[in-house]
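**Student:** Enclosed is the structure file run19.pdb (PDB, C-alpha atoms, pLDDT in the B column).
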```
ATOM      1  CA  LYS B   1     152.160 130.124 109.977  1.00 79.00           C
ATOM      2  CA  ASN B   2     149.503 130.161 112.697  1.00 81.00           C
ATOM      3  CA  GLN B   3     148.088 133.630 113.285  1.00 90.00           C
ATOM      4  CA  VAL B   4     145.330 135.252 115.298  1.00 94.00           C
ATOM      5  CA  GLU B   5     144.179 138.765 114.450  1.00 96.00           C
ATOM      6  CA  GLN B   6     141.848 140.787 116.629  1.00 97.00           C
ATOM      7  CA  SER B   7     139.875 143.909 115.879  1.00 97.00           C
ATOM      8  CA  PRO B   8     139.426 146.604 116.825  1.00 96.00           C
ATOM      9  CA  GLN B   9     142.693 147.253 118.633  1.00 95.00           C
ATOM     10  CA  SER B  10     140.857 149.446 121.118  1.00 96.00           C
ATOM     11  CA  LEU B  11     137.271 150.425 121.802  1.00 97.00           C
ATOM     12  CA  ILE B  12     135.546 152.974 124.009  1.00 98.00           C
ATOM     13  CA  ILE B  13     131.873 152.572 124.889  1.00 98.00           C
ATOM     14  CA  LEU B  14     129.433 154.031 127.383  1.00 98.00           C
ATOM     15  CA  GLU B  15     128.282 152.043 130.367  1.00 98.00           C
ATOM     16  CA  GLY B  16     125.180 150.001 129.588  1.00 97.00           C
ATOM     17  CA  LYS B  17     125.918 149.699 125.872  1.00 98.00           C
ATOM     18  CA  ASN B  18     126.689 146.484 124.009  1.00 98.00           C
ATOM     19  CA  CYS B  19     129.793 145.775 121.971  1.00 98.00           C
ATOM     20  CA  THR B  20     131.299 143.064 119.791  1.00 98.00           C
ATOM     21  CA  LEU B  21     134.942 142.135 119.451  1.00 98.00           C
ATOM     22  CA  GLN B  22     136.282 140.211 116.474  1.00 98.00           C
ATOM     23  CA  CYS B  23     138.877 137.483 116.061  1.00 98.00           C
ATOM     24  CA  ASN B  24     140.120 135.948 112.799  1.00 97.00           C
ATOM     25  CA  TYR B  25     142.524 133.049 112.827  1.00 96.00           C
ATOM     26  CA  THR B  26     144.602 130.817 110.631  1.00 93.00           C
ATOM     27  CA  VAL B  27     145.491 127.934 112.940  1.00 86.00           C
ATOM     28  CA  SER B  28     145.596 124.364 111.753  1.00 83.00           C
ATOM     29  CA  PRO B  29     144.624 121.730 112.693  1.00 84.00           C
ATOM     30  CA  PHE B  30     142.095 123.621 114.785  1.00 86.00           C
ATOM     31  CA  SER B  31     141.447 122.344 118.296  1.00 85.00           C
ATOM     32  CA  ASN B  32     139.719 125.096 120.212  1.00 89.00           C
ATOM     33  CA  LEU B  33     139.280 128.833 120.596  1.00 93.00           C
ATOM     34  CA  ARG B  34     139.297 130.617 123.932  1.00 94.00           C
ATOM     35  CA  TRP B  35     138.536 134.154 125.004  1.00 97.00           C
ATOM     36  CA  TYR B  36     140.326 135.611 127.996  1.00 96.00           C
ATOM     37  CA  LYS B  37     139.819 138.811 129.962  1.00 97.00           C
ATOM     38  CA  GLN B  38     142.941 140.501 131.273  1.00 96.00           C
ATOM     39  CA  ASP B  39     142.669 143.325 133.763  1.00 95.00           C
ATOM     40  CA  THR B  40     145.582 145.762 133.794  1.00 91.00           C
ATOM     41  CA  GLY B  41     148.560 144.278 135.611  1.00 90.00           C
ATOM     42  CA  ARG B  42     146.881 140.908 136.144  1.00 92.00           C
ATOM     43  CA  GLY B  43     147.000 137.496 134.540  1.00 94.00           C
ATOM     44  CA  PRO B  44     144.371 136.584 131.911  1.00 95.00           C
ATOM     45  CA  VAL B  45     141.225 134.836 133.100  1.00 95.00           C
ATOM     46  CA  SER B  46     139.272 132.480 130.881  1.00 93.00           C
ATOM     47  CA  LEU B  47     135.819 133.561 129.704  1.00 96.00           C
ATOM     48  CA  THR B  48     134.814 130.912 127.167  1.00 95.00           C
ATOM     49  CA  ILE B  49     136.180 127.849 125.408  1.00 91.00           C
ATOM     50  CA  MET B  50     134.791 126.523 122.130  1.00 92.00           C
ATOM     51  CA  THR B  51     135.747 123.423 120.208  1.00 88.00           C
ATOM     52  CA  PHE B  52     135.118 122.764 116.539  1.00 84.00           C
ATOM     53  CA  SER B  53     131.575 121.526 117.036  1.00 87.00           C
ATOM     54  CA  GLU B  54     130.441 124.470 119.159  1.00 90.00           C
ATOM     55  CA  ASN B  55     129.277 127.701 117.550  1.00 93.00           C
ATOM     56  CA  THR B  56     128.224 129.652 120.622  1.00 96.00           C
ATOM     57  CA  LYS B  57     129.102 129.762 124.294  1.00 95.00           C
ATOM     58  CA  SER B  58     127.872 132.121 126.991  1.00 96.00           C
ATOM     59  CA  ASN B  59     129.293 133.195 130.313  1.00 96.00           C
ATOM     60  CA  GLY B  60     126.964 135.676 131.957  1.00 96.00           C
ATOM     61  CA  ARG B  61     126.943 138.848 129.882  1.00 97.00           C
ATOM     62  CA  TYR B  62     129.653 137.470 127.590  1.00 98.00           C
ATOM     63  CA  THR B  63     128.672 135.465 124.509  1.00 98.00           C
ATOM     64  CA  ALA B  64     131.226 134.039 122.120  1.00 98.00           C
ATOM     65  CA  THR B  65     130.462 132.718 118.657  1.00 97.00           C
ATOM     66  CA  LEU B  66     132.583 130.584 116.368  1.00 96.00           C
ATOM     67  CA  ASP B  67     132.375 130.032 112.624  1.00 95.00           C
ATOM     68  CA  ALA B  68     134.908 127.305 111.917  1.00 91.00           C
ATOM     69  CA  ASP B  69     134.288 127.527 108.177  1.00 92.00           C
ATOM     70  CA  THR B  70     135.303 131.173 107.901  1.00 94.00           C
ATOM     71  CA  LYS B  71     137.710 130.903 110.838  1.00 95.00           C
ATOM     72  CA  GLN B  72     136.116 133.777 112.692  1.00 97.00           C
ATOM     73  CA  SER B  73     134.973 134.323 116.239  1.00 97.00           C
ATOM     74  CA  SER B  74     133.309 137.172 118.033  1.00 98.00           C
ATOM     75  CA  LEU B  75     132.823 138.104 121.663  1.00 98.00           C
ATOM     76  CA  HIS B  76     129.656 140.019 122.437  1.00 98.00           C
ATOM     77  CA  ILE B  77     129.359 141.920 125.701  1.00 98.00           C
ATOM     78  CA  THR B  78     125.869 142.882 126.764  1.00 98.00           C
ATOM     79  CA  ALA B  79     124.929 145.783 129.028  1.00 97.00           C
ATOM     80  CA  SER B  80     128.537 146.766 129.667  1.00 97.00           C
ATOM     81  CA  GLN B  81     129.757 147.687 133.126  1.00 97.00           C
ATOM     82  CA  LEU B  82     132.721 149.750 134.260  1.00 97.00           C
ATOM     83  CA  SER B  83     134.384 146.532 135.426  1.00 97.00           C
ATOM     84  CA  ASP B  84     134.376 145.252 131.846  1.00 98.00           C
ATOM     85  CA  SER B  85     137.215 147.666 131.101  1.00 98.00           C
ATOM     86  CA  ALA B  86     140.079 145.325 130.269  1.00 97.00           C
ATOM     87  CA  SER B  87     141.976 143.689 127.442  1.00 96.00           C
ATOM     88  CA  TYR B  88     140.177 140.793 125.731  1.00 97.00           C
ATOM     89  CA  ILE B  89     142.419 138.187 124.211  1.00 96.00           C
ATOM     90  CA  CYS B  90     141.511 135.581 121.605  1.00 96.00           C
ATOM     91  CA  VAL B  91     143.564 132.386 121.769  1.00 93.00           C
ATOM     92  CA  VAL B  92     143.481 129.516 119.306  1.00 91.00           C
ATOM     93  CA  SER B  93     145.045 126.110 119.845  1.00 86.00           C
ATOM     94  CA  ALA B  94     146.066 123.475 117.361  1.00 82.00           C
ATOM     95  CA  TYR B  95     146.375 119.802 118.202  1.00 76.00           C
ATOM     96  CA  THR B  96     149.831 119.428 119.745  1.00 68.00           C
ATOM     97  CA  ASN B  97     151.300 117.509 122.670  1.00 54.00           C
ATOM     98  CA  ALA B  98     151.761 120.566 124.854  1.00 59.00           C
ATOM     99  CA  GLY B  99     148.714 122.503 123.788  1.00 61.00           C
ATOM    100  CA  LYS B 100     150.728 125.405 122.463  1.00 71.00           C
ATOM    101  CA  SER B 101     148.455 128.239 121.597  1.00 84.00           C
ATOM    102  CA  THR B 102     148.506 131.257 119.328  1.00 88.00           C
ATOM    103  CA  PHE B 103     147.526 134.480 121.045  1.00 90.00           C
ATOM    104  CA  GLY B 104     146.003 137.561 119.503  1.00 94.00           C
ATOM    105  CA  ASP B 105     147.273 140.971 120.562  1.00 93.00           C
ATOM    106  CA  GLY B 106     143.977 141.692 122.295  1.00 95.00           C
ATOM    107  CA  THR B 107     141.327 144.385 122.158  1.00 96.00           C
ATOM    108  CA  THR B 108     141.478 147.028 124.851  1.00 96.00           C
ATOM    109  CA  LEU B 109     137.966 147.914 125.974  1.00 98.00           C
ATOM    110  CA  THR B 110     137.261 151.034 127.984  1.00 98.00           C
ATOM    111  CA  VAL B 111     133.797 151.471 129.465  1.00 98.00           C
ATOM    112  CA  LYS B 112     133.013 155.033 130.476  1.00 97.00           C
ATOM    113  CA  PRO B 113     130.239 156.209 132.817  1.00 96.00           C
TER     114      PRO B 113
ATOM    115  CA  SER N 114     141.434 123.261 144.010  1.00 86.00           C
ATOM    116  CA  GLN N 115     144.422 124.294 141.959  1.00 86.00           C
ATOM    117  CA  THR N 116     146.372 127.490 142.536  1.00 92.00           C
ATOM    118  CA  ILE N 117     149.364 129.035 140.840  1.00 95.00           C
ATOM    119  CA  HIS N 118     151.842 131.332 142.515  1.00 95.00           C
ATOM    120  CA  GLN N 119     154.425 133.675 141.072  1.00 96.00           C
ATOM    121  CA  TRP N 120     156.990 135.805 142.788  1.00 93.00           C
ATOM    122  CA  PRO N 121     158.091 138.431 143.067  1.00 94.00           C
ATOM    123  CA  ALA N 122     155.165 140.573 141.939  1.00 94.00           C
ATOM    124  CA  THR N 123     157.421 143.418 140.843  1.00 95.00           C
ATOM    125  CA  LEU N 124     161.136 143.627 140.275  1.00 96.00           C
ATOM    126  CA  VAL N 125     163.547 146.373 139.270  1.00 97.00           C
ATOM    127  CA  GLN N 126     166.958 145.166 138.189  1.00 96.00           C
ATOM    128  CA  PRO N 127     169.978 146.880 136.607  1.00 97.00           C
ATOM    129  CA  VAL N 128     171.271 145.872 133.199  1.00 97.00           C
ATOM    130  CA  GLY N 129     173.727 143.008 133.467  1.00 96.00           C
ATOM    131  CA  SER N 130     172.341 141.610 136.707  1.00 97.00           C
ATOM    132  CA  PRO N 131     170.998 138.046 137.014  1.00 96.00           C
ATOM    133  CA  LEU N 132     167.319 137.126 137.159  1.00 96.00           C
ATOM    134  CA  SER N 133     165.310 134.391 138.780  1.00 96.00           C
ATOM    135  CA  LEU N 134     161.520 134.270 138.654  1.00 97.00           C
ATOM    136  CA  GLU N 135     159.700 131.409 140.293  1.00 96.00           C
ATOM    137  CA  CYS N 136     156.349 129.807 139.600  1.00 97.00           C
ATOM    138  CA  THR N 137     154.716 127.009 141.576  1.00 97.00           C
ATOM    139  CA  VAL N 138     151.448 125.160 141.085  1.00 96.00           C
ATOM    140  CA  GLU N 139     149.426 123.468 143.801  1.00 95.00           C
ATOM    141  CA  GLY N 140     146.624 120.938 143.617  1.00 92.00           C
ATOM    142  CA  THR N 141     147.569 119.128 140.412  1.00 90.00           C
ATOM    143  CA  SER N 142     150.172 116.653 139.179  1.00 88.00           C
ATOM    144  CA  ASN N 143     152.336 116.654 136.053  1.00 90.00           C
ATOM    145  CA  PRO N 144     150.940 119.884 134.648  1.00 91.00           C
ATOM    146  CA  ASN N 145     152.095 121.468 131.438  1.00 90.00           C
ATOM    147  CA  LEU N 146     153.884 124.670 132.417  1.00 92.00           C
ATOM    148  CA  TYR N 147     154.420 127.817 130.380  1.00 93.00           C
ATOM    149  CA  TRP N 148     156.337 131.098 130.604  1.00 95.00           C
ATOM    150  CA  TYR N 149     155.037 134.085 128.654  1.00 94.00           C
ATOM    151  CA  ARG N 150     156.229 137.649 128.280  1.00 94.00           C
ATOM    152  CA  GLN N 151     153.951 140.564 127.523  1.00 93.00           C
ATOM    153  CA  ALA N 152     155.373 143.868 126.359  1.00 87.00           C
ATOM    154  CA  ALA N 153     153.372 146.996 127.123  1.00 81.00           C
ATOM    155  CA  GLY N 154     150.215 147.102 124.997  1.00 78.00           C
ATOM    156  CA  ARG N 155     151.086 143.876 123.225  1.00 82.00           C
ATOM    157  CA  GLY N 156     149.944 140.282 123.218  1.00 86.00           C
ATOM    158  CA  LEU N 157     151.485 137.365 125.057  1.00 90.00           C
ATOM    159  CA  GLN N 158     154.638 135.822 123.641  1.00 89.00           C
ATOM    160  CA  LEU N 159     155.344 132.212 124.581  1.00 89.00           C
ATOM    161  CA  LEU N 160     158.910 131.877 125.869  1.00 93.00           C
ATOM    162  CA  PHE N 161     159.137 128.317 127.202  1.00 92.00           C
ATOM    163  CA  TYR N 162     156.875 125.358 127.788  1.00 89.00           C
ATOM    164  CA  SER N 163     157.411 122.146 129.684  1.00 90.00           C
ATOM    165  CA  ILE N 164     155.557 118.845 129.581  1.00 87.00           C
ATOM    166  CA  GLY N 165     157.561 117.285 132.432  1.00 88.00           C
ATOM    167  CA  ILE N 166     160.574 117.557 134.713  1.00 89.00           C
ATOM    168  CA  ASP N 167     163.665 118.524 132.718  1.00 84.00           C
ATOM    169  CA  GLN N 168     161.569 118.598 129.514  1.00 88.00           C
ATOM    170  CA  ILE N 169     161.631 122.187 128.385  1.00 90.00           C
ATOM    171  CA  SER N 170     161.210 123.688 124.949  1.00 88.00           C
ATOM    172  CA  SER N 171     162.240 127.178 123.978  1.00 87.00           C
ATOM    173  CA  GLU N 172     160.050 129.051 121.554  1.00 82.00           C
ATOM    174  CA  VAL N 173     162.087 132.179 120.955  1.00 79.00           C
ATOM    175  CA  PRO N 174     165.895 132.587 120.956  1.00 68.00           C
ATOM    176  CA  GLN N 175     166.678 135.030 123.717  1.00 79.00           C
ATOM    177  CA  ASN N 176     168.636 135.953 126.759  1.00 87.00           C
ATOM    178  CA  LEU N 177     166.534 133.798 129.057  1.00 93.00           C
ATOM    179  CA  SER N 178     166.479 130.182 130.194  1.00 94.00           C
ATOM    180  CA  ALA N 179     163.991 128.025 132.057  1.00 95.00           C
ATOM    181  CA  SER N 180     164.260 125.075 134.391  1.00 95.00           C
ATOM    182  CA  ARG N 181     161.797 122.684 136.006  1.00 96.00           C
ATOM    183  CA  PRO N 182     163.572 121.107 138.981  1.00 93.00           C
ATOM    184  CA  GLN N 183     160.349 119.713 140.438  1.00 93.00           C
ATOM    185  CA  ASP N 184     157.042 118.609 138.937  1.00 94.00           C
ATOM    186  CA  ARG N 185     155.174 121.756 139.919  1.00 95.00           C
ATOM    187  CA  GLN N 186     157.997 124.307 139.928  1.00 96.00           C
ATOM    188  CA  PHE N 187     159.045 126.360 136.930  1.00 96.00           C
ATOM    189  CA  ILE N 188     161.871 128.890 137.047  1.00 97.00           C
ATOM    190  CA  LEU N 189     162.777 131.599 134.555  1.00 96.00           C
ATOM    191  CA  SER N 190     166.370 132.817 134.678  1.00 96.00           C
ATOM    192  CA  SER N 191     168.905 135.050 133.059  1.00 95.00           C
ATOM    193  CA  LYS N 192     172.621 135.436 133.700  1.00 95.00           C
ATOM    194  CA  LYS N 193     172.746 139.040 132.458  1.00 95.00           C
ATOM    195  CA  LEU N 194     169.634 141.116 131.938  1.00 95.00           C
ATOM    196  CA  LEU N 195     169.182 143.393 128.945  1.00 94.00           C
ATOM    197  CA  LEU N 196     166.977 146.474 128.724  1.00 94.00           C
ATOM    198  CA  SER N 197     164.801 144.575 126.247  1.00 91.00           C
ATOM    199  CA  ASP N 198     164.006 141.979 128.929  1.00 93.00           C
ATOM    200  CA  SER N 199     161.659 144.441 130.618  1.00 94.00           C
ATOM    201  CA  GLY N 200     158.048 143.327 130.551  1.00 94.00           C
ATOM    202  CA  PHE N 201     155.257 141.504 132.276  1.00 96.00           C
ATOM    203  CA  TYR N 202     156.073 137.827 132.803  1.00 97.00           C
ATOM    204  CA  LEU N 203     153.286 135.334 133.190  1.00 97.00           C
ATOM    205  CA  CYS N 204     153.446 131.720 134.220  1.00 97.00           C
ATOM    206  CA  ALA N 205     150.608 129.377 133.284  1.00 94.00           C
ATOM    207  CA  TRP N 206     149.706 125.738 133.788  1.00 93.00           C
ATOM    208  CA  GLY N 207     147.514 123.377 131.827  1.00 89.00           C
ATOM    209  CA  VAL N 208     146.236 119.818 132.133  1.00 82.00           C
ATOM    210  CA  PRO N 209     148.064 117.567 129.681  1.00 75.00           C
ATOM    211  CA  GLY N 210     146.076 115.488 127.271  1.00 66.00           C
ATOM    212  CA  THR N 211     142.886 117.512 127.488  1.00 61.00           C
ATOM    213  CA  ALA N 212     141.016 118.511 124.358  1.00 51.00           C
ATOM    214  CA  THR N 213     140.594 122.148 125.312  1.00 56.00           C
ATOM    215  CA  TYR N 214     144.177 122.949 126.318  1.00 70.00           C
ATOM    216  CA  GLU N 215     142.853 125.414 128.853  1.00 81.00           C
ATOM    217  CA  GLN N 216     145.618 127.380 130.525  1.00 88.00           C
ATOM    218  CA  TYR N 217     145.442 128.987 133.939  1.00 92.00           C
ATOM    219  CA  PHE N 218     147.578 132.031 134.511  1.00 95.00           C
ATOM    220  CA  GLY N 219     149.413 133.281 137.549  1.00 96.00           C
ATOM    221  CA  PRO N 220     149.313 136.892 138.755  1.00 95.00           C
ATOM    222  CA  GLY N 221     152.446 137.858 136.832  1.00 95.00           C
ATOM    223  CA  THR N 222     155.749 139.579 137.578  1.00 96.00           C
ATOM    224  CA  ARG N 223     156.410 143.109 136.372  1.00 96.00           C
ATOM    225  CA  LEU N 224     160.133 143.326 135.519  1.00 96.00           C
ATOM    226  CA  THR N 225     161.804 146.652 134.850  1.00 96.00           C
ATOM    227  CA  VAL N 226     165.421 146.597 133.726  1.00 95.00           C
ATOM    228  CA  THR N 227     167.161 149.933 134.272  1.00 96.00           C
TER     229      THR N 227
END
```
In structure tokens, what does this structure look like?

**Tutor:**
Amino acid sequence: KNQVEQSPQSLIILEGKNCTLQCNYTVSPFSNLRWYKQDTGRGPVSLTIMTFSENTKSNGRYTATLDADTKQSSLHITASQLSDSASYICVVSAYTNAGKSTFGDGTTLTVKP
Amino acid sequence: SQTIHQWPATLVQPVGSPLSLECTVEGTSNPNLYWYRQAAGRGLQLLFYSIGIDQISSEVPQNLSASRPQDRQFILSSKKLLLSDSGFYLCAWGVPGTATYEQYFGPGTRLTVT
């Protein structure tokens, strides 16, 4: 069964600090891994997409890494801002006709001043 | 550019009443379309996906149904709502045949069944 597990479930950090979110998956055959940011009451917005051959991808202060051998990914946020407070969702897709994906439950990040 | 619309944004319905949520996509043709539900503090659960008109697959047995009467229109329905149908419903679209399977989400509908 395809699964995506994220840790920690929630995280509180001070503004300006860095943090790293983790994602472990068991999805086969692996196609790609995506990180989304979801603000409260809004739809998720894509941050990064990585295929099998990519091991790092950056989007501003967000940097995602992928280790396809250990089936792990991390999302590193640098110099956090209050607007980074959100849920961060790891999504892994297998090769299928409709691109069905397996979603993690997300990590809720709270950035405090 | 492509845009995705969902309505209504919020909805409060009594138990046993019918439901119809609508999602439309602009600026693309023959998209893959998806309906998700998100319970409070939980991850997204895929309810239905569609790769074309009248081609709909259900992922989870439930009280809901979906239809795709037009290429870029996706409707989520129920004949009689249950309390457990409360949640945040998200529609998404994706480009078929792409390697990344990127999905683009709508703004969502907050449904409260009372």

**Student:** Write out as a ChimeraX atom specification which residues come within 9 Å of N:Leu177 when counting all atoms listed in the file, dropping same-chain ones fewer than 6 positions away.

**Tutor:** /N:132,160,189-194,198

**Student:** On this file, the PyMOL selection byres ((chain N) within 8 of (chain B)) gives some set of residues; write that set as a list in words.

**Tutor:** Asn145, Arg155, Gly156, Leu157, Gln158, Tyr162, Ser163, Ile164, Phe201, Leu203, Pro209, Gly210, Ala212, Thr213, Tyr214, Glu215, Tyr217, Phe218, Gly219, Pro220, Gly221 and Arg223 of chain N

**Student:** When you draw a straight line from atom CA of N:Ser114 to atom CA of N:Glu139, how long is it in Å?

**Tutor:**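 Spanning atom CA of N:Ser114 to atom CA of N:Glu139 is a straight-line distance of 8.0 Å.
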
**Student:** Let me know the residues the PyMOL selection byres ((chain N and resi 125) around 10) catches in the file above, as a ChimeraX atom specification.

**Tutor:** /N:123-124,126-128,199,223-227

**Student:** I'd like the interatomic distance between atom CA of N:Ile166 and atom CA of N:Phe187, to a tenth of an Å.

**Tutor:**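 Distance reported for this atom pair: 9.2 Å.
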
**Student:** Using only C-alpha atoms, can you tell me which of B:Val4, B:Val111, B:Leu21, B:Leu82 comes closest to B:Thr65?

**Tutor:**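 Comparing B:Val4, B:Val111, B:Leu21, B:Leu82 against B:Thr65, the winner is B:Leu21.
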
**Student:** Please report the interatomic distance between atom CA of B:Ser83 and atom CA of B:Leu109 in Å with one decimal.

**Tutor:**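 Interatomic distance here is 10.2 Å.
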
**Student:** List the neighbours of B:Leu75 out to 8 Å using all atoms listed in the file; skip same-chain residues closer than 5 positions along the sequence, and give me the result as a PyMOL selection string.

**Tutor:** chain B and resi 20-22+35+62-65

**Student:** May I ask which of the residues B:Glu54, B:Pro113, B:Gln38, B:Tyr88 is the closest one to B:His76, counting only C-alpha atoms?

**Tutor:** B:Tyr88

**Student:** For N:Ile188, list every protein, DNA or RNA residue within 6 Å, evaluated using all atoms listed in the file, and leave out those in the same chain fewer than 3 positions away; present the list as a ChimeraX atom specification.

**Tutor:** /N:134-135,179-180

**Student:** The selected residues should be written to file as an mmCIF file, keeping the file's coordinate frame (atoms: C-alpha atoms).

**Tutor:**
```cif
data_model
loop_
_atom_site.group_PDB
_atom_site.id
_atom_site.type_symbol
_atom_site.label_atom_id
_atom_site.label_comp_id
_atom_site.auth_asym_id
_atom_site.auth_seq_id
_atom_site.Cartn_x
_atom_site.Cartn_y
_atom_site.Cartn_z
ATOM 1 C CA LEU N 134 161.520 134.270 138.654
ATOM 2 C CA GLU N 135 159.700 131.409 140.293
ATOM 3 C CA ALA N 179 163.991 128.025 132.057
ATOM 4 C CA SER N 180 164.260 125.075 134.391
#
```

**Student:** Care to translate the PyMOL selection byres ((chain B and resi 70) around 12) into actual residues of this file, as a PyMOL selection string?

**Tutor:** chain B and resi 23-27+55+65-69+71-74

**Student:** May I have the residues within 10 Å of B:Ala79 as an NGL selection string, using all atoms listed in the file and disregarding those fewer than 4 positions away in the same chain?

**Tutor:** :B and (14-19 or 61-62 or 84)

**Student:** List as a list of chain:residue names: which residues have an atom within 7 Å of (151.7, 126.7, 135.3), counting all atoms listed in the file?

**Tutor:**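 Every residue inside that radius is included here: N:Ile117, N:Thr137, N:Val138, N:Pro144, N:Asn145, N:Leu146, N:Tyr147, N:Cys204, N:Ala205, N:Trp206, N:Gly207, N:Tyr217, N:Phe218.
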
**Student:** I'd like to know which of B:Asn2, B:Ser7, B:Thr40, B:Ser53 is closest to B:Ser28, using all atoms listed in the file.

**Tutor:**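 Ranking B:Asn2, B:Ser7, B:Thr40, B:Ser53 by distance to B:Ser28, first place goes to B:Asn2.
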